[in-house]
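Step one of this worksheet: look at the structure below.
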Amino acid sequence: MSEIKKDWMKEVWRHIIAYGAKPMGSLNLRNTAGYLETVVREVCGNVKICQYPEKAWVAEEWALLDGEGKEIPSYLFLESGGSRWFEGRVEFAGYHRVWDMYVWKRYMIVSNEREIKAYITVREGEEAIPQMLFARGDLPHYMVGSEEEKRLEAAMKSRTLFRGYAKIQKQYDSWLQNITGRIGKEGKKVILCAHYDTVYSTEGAYDNAAGTAVVLETARQLSAYRVRNQIEILLTDGEEFNLRGSKKQAEAENEELAFVLNIDGVGRENTLEVWSGPETFERRIRRILDESKEVFVPKYICPPPPGSDHAPYYEKGNDVCMLTFNDQGILHSPKDVYEERKLENMEKMVRIVLELLQGLGVIEK
Ligand SMILES: [Zn+2]
């Protein structure tokens with residue numbers, strides 16, 4: 001295997017991070033796409049932008065204040081509704097299922113007229129971050145950290161009034177941009193993908209500038225191999241908004257696929273999560289990773305959870321595998337910034353992806 005040019009991947013990674021937060025529909029995201037277009041052209045010798053019209057949701061301003069007028073740290077769920085100032089008492093509302101993966105406690109704010117004005121979900125064990133709202137709500141829906149739950153419980157007892165507002169915007173003239181490049185001309189198509197958008201609260205060094213840089217570095221290294229399949233490099237938009245970009249891309253796909261390999265999140269932990277399916281495909285992945293020269297602790301999940309870009313392809317009946325080195329403490333957080341140390345797992349991830357492509361017969365020396 002050729003030596004990884006450490007600085008090339010690092011530069012691409014830093015460059016993507018430098019655009020700041022990149023939520024769907026934002027100028028930052030559009031500028032990032034412009035940059036990535038040049039990088040994909042550089043490594044693949046070709047590039048194609050796949051555009052799809054899509055309404056964008058923007059969080060402009062919001063606040064949630066307790067009975068004493070003190071702000072409760074919060075984020076709006078993606079696609080939350082908006083509201084002018086409201087006030088009401090806190091009541092327990094049941095549970096909120098997020099991404100088919102978490103079930104968290106949900107509270108509501110109820111006015112004197114017994115009208116529900118807003119919802120609050122408590123993220124278990126961690127600080128507040130933005131996440132996708134699948135409840136398709138029209139009211140403000142805040143996420144708060146587990147530390148704030150005491151304040152909600154105290155307010156329920158004392159029956160003090162909470163206040164808040166949420167200013168959101170919808171952009172109807174917006175579009176998604178998936179960026180693709182091709183390597184190789186024969187055989188069934190393999191998709192190697194990563195999303196380049198972020199939620200609005202972070203520049204997303206780990207989620208997922210790192211995955212994007214890993215995919216591009218892997219593509220660059222392929223010049224040292226004989227490529228037996230067509231490999232499509234796919235950088236997706238709108239992953240954080242319920243996989244908007246990959247859903248459109250999978251829907252438009254009319255070629256037969258060998259499999260989809262998705263890199264989403266390259267954090268600092270040692271556990272390599274492997275979300276793959278069906279079981280026949282997971283067995284092939286497992287056999288290769290069992291023989292890997294790299295050091296990591298694999299954690300297999302099958303069928304693959306729906307929380308990333310492989311999901312629309314899995315639903316279409318394709319073989320898929322998503323790889324991540326987790327870093328839950330900084331996920332979707334302003335703390336997810338450039339850090340030299342993250343490069344170690346990024347380099348490891350490139351080598352693992354190359355091992356997989358080799359083991360699956362897509363490339364050979
Ligand atoms: Zn991600």
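Following the order of the structure tokens, chains are lettered A, B, ..., residues in each are numbered from 1, and ligands are numbered from 1.
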
### 9 Å shell around ligand 1 using only C-alpha atoms and all ligand atoms, listed as a ChimeraX atom specification
/A:194-199,204,206-209,211,239-240,263-265,307-309,331-332

### Message
Set the distance at 7 Å and use only C-alpha atoms: which residues neighbour Phe259 in chain A once local chain neighbours fewer than 5 positions away are removed? I'd like the list as a list in words.
### Response
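Skipping anything fewer than 5 positions along the chain leaves Val190, Ile191, Asn318, Asp319 and Val320 of chain A.
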
### Task
Would you please work out which residue, of A:Met346, A:Val337, A:Ala219, A:Cys321, is nearest to Glu42 in chain A when using only C-alpha atoms?
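Smallest separation from Glu42 in chain A among the options: A:Ala219.
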
### Query
Please, what distance in Å, to one decimal, runs between CA of Arg97 in chain A and CA of Asp327 in chain A?
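About the pair CA of Arg97 in chain A and CA of Asp327 in chain A: they are 21.0 Å apart.
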
### Query
From the list A:Ser80, A:Asn112, A:Gln171, A:Ser74, which residue is nearest Leu133 in chain A when using only C-alpha atoms?
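Closest to Leu133 in chain A of all the choices is A:Ser80.
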
### Message
Can you tell me which residues surround Lys348 in chain A at a distance of at most 10 Å, considering only C-alpha atoms, apart from same-chain residues fewer than 2 positions away, and format the answer as a ChimeraX atom specification?
### Response
/A:214,266,294-296,343-346,350-354

### Task
Would you list the contacts of Trp99 in chain A as a ChimeraX atom specification, taking every protein, DNA or RNA residue within 10 Å and counting only C-alpha atoms, but skipping same-chain residues closer than 3 positions in sequence?
/A:96,102-103,131-134,242,305-308

Go ahead and save the picked residues with N, CA and C atoms, as a PDB file, in the first residue's frame.
```
ATOM      1  N   HIS A  96     -40.084  10.760  23.597  1.00  0.00           N
ATOM      2  CA  HIS A  96     -39.763  11.227  22.256  1.00  0.00           C
ATOM      3  C   HIS A  96     -38.742  10.258  21.657  1.00  0.00           C
ATOM      4  N   TYR A 102     -32.924   6.389  20.051  1.00  0.00           N
ATOM      5  CA  TYR A 102     -33.031   6.855  21.431  1.00  0.00           C
ATOM      6  C   TYR A 102     -34.495   7.098  21.775  1.00  0.00           C
ATOM      7  N   VAL A 103     -34.865   6.863  23.036  1.00  0.00           N
ATOM      8  CA  VAL A 103     -36.185   7.265  23.514  1.00  0.00           C
ATOM      9  C   VAL A 103     -35.950   8.121  24.755  1.00  0.00           C
ATOM     10  N   GLN A 131     -30.987  17.775  16.945  1.00  0.00           N
ATOM     11  CA  GLN A 131     -31.214  16.495  16.287  1.00  0.00           C
ATOM     12  C   GLN A 131     -32.442  16.656  15.408  1.00  0.00           C
ATOM     13  N   MET A 132     -32.659  15.692  14.551  1.00  0.00           N
ATOM     14  CA  MET A 132     -33.805  15.745  13.654  1.00  0.00           C
ATOM     15  C   MET A 132     -35.100  15.498  14.435  1.00  0.00           C
ATOM     16  N   LEU A 133     -36.130  16.270  14.078  1.00  0.00           N
ATOM     17  CA  LEU A 133     -37.447  16.075  14.685  1.00  0.00           C
ATOM     18  C   LEU A 133     -38.301  15.260  13.718  1.00  0.00           C
ATOM     19  N   PHE A 134     -38.681  14.071  14.149  1.00  0.00           N
ATOM     20  CA  PHE A 134     -39.497  13.230  13.268  1.00  0.00           C
ATOM     21  C   PHE A 134     -40.984  13.372  13.585  1.00  0.00           C
ATOM     22  N   ASN A 242     -32.672  14.380   7.954  1.00  0.00           N
ATOM     23  CA  ASN A 242     -33.360  13.137   7.616  1.00  0.00           C
ATOM     24  C   ASN A 242     -32.905  12.567   6.284  1.00  0.00           C
ATOM     25  N   PRO A 305     -28.684   0.460  11.635  1.00  0.00           N
ATOM     26  CA  PRO A 305     -29.599   1.515  12.081  1.00  0.00           C
ATOM     27  C   PRO A 305     -29.799   2.552  10.963  1.00  0.00           C
ATOM     28  N   PRO A 306     -30.933   3.239  10.984  1.00  0.00           N
ATOM     29  CA  PRO A 306     -31.276   4.105   9.853  1.00  0.00           C
ATOM     30  C   PRO A 306     -30.628   5.480   9.869  1.00  0.00           C
ATOM     31  N   GLY A 307     -29.796   5.778  10.854  1.00  0.00           N
ATOM     32  CA  GLY A 307     -29.327   7.159  11.035  1.00  0.00           C
ATOM     33  C   GLY A 307     -28.228   7.679  10.146  1.00  0.00           C
ATOM     34  N   SER A 308     -28.057   7.156   8.945  1.00  0.00           N
ATOM     35  CA  SER A 308     -27.060   7.754   8.042  1.00  0.00           C
ATOM     36  C   SER A 308     -27.346   7.350   6.590  1.00  0.00           C
TER      37      SER A 308
END
```

### Task
Excluding Pro130 in chain A and any residue of its chain fewer than 6 positions from it, enumerate the residues within 12 Å of it, using only C-alpha atoms, and give them as a PyMOL selection string.
chain A and resi 23+59+73-80+98+121-123+141-145+198-202+240-241+330-334

### Task
Identify all residues of range 249-307 of chain A in alpha helix (DSSP H) (DSSP on the backbone) and supply them as a list in words.
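Checking each residue of range 249-307 of chain A, the alpha helix (DSSP H) ones are Gln249, Ala250, Glu251, Ala252, Glu279, Thr280, Phe281, Glu282, Arg283, Arg284, Ile285, Arg286, Arg287, Ile288, Leu289 and Asp290 of chain A.
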
### Task
Determine which residues of range 45-177 of chain A DSSP labels as strand (DSSP E) from the backbone of this structure, then write them out as a PyMOL selection string.
chain A and resi 48-53+56-65+75-76+83-98+102-110+116-122+141-144+162-171+175-177

### Task
Give the answer as one residue: which of A:Trp275, A:Tyr35, A:Trp104, A:Trp57 has the shortest atom-to-atom distance to Pro303 in chain A, using only C-alpha atoms?
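That would be A:Trp275, the residue with the smallest distance to Pro303 in chain A.
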
### Task
Tell me which protein, DNA and RNA residues are within 7 Å of Gly238 in chain A, counting only C-alpha atoms, leaving out same-chain ones fewer than 4 positions away, and put them as a list in words.
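Those residues are Met24, Leu176, Asp197, Leu243, Arg244 and Gly245 of chain A.
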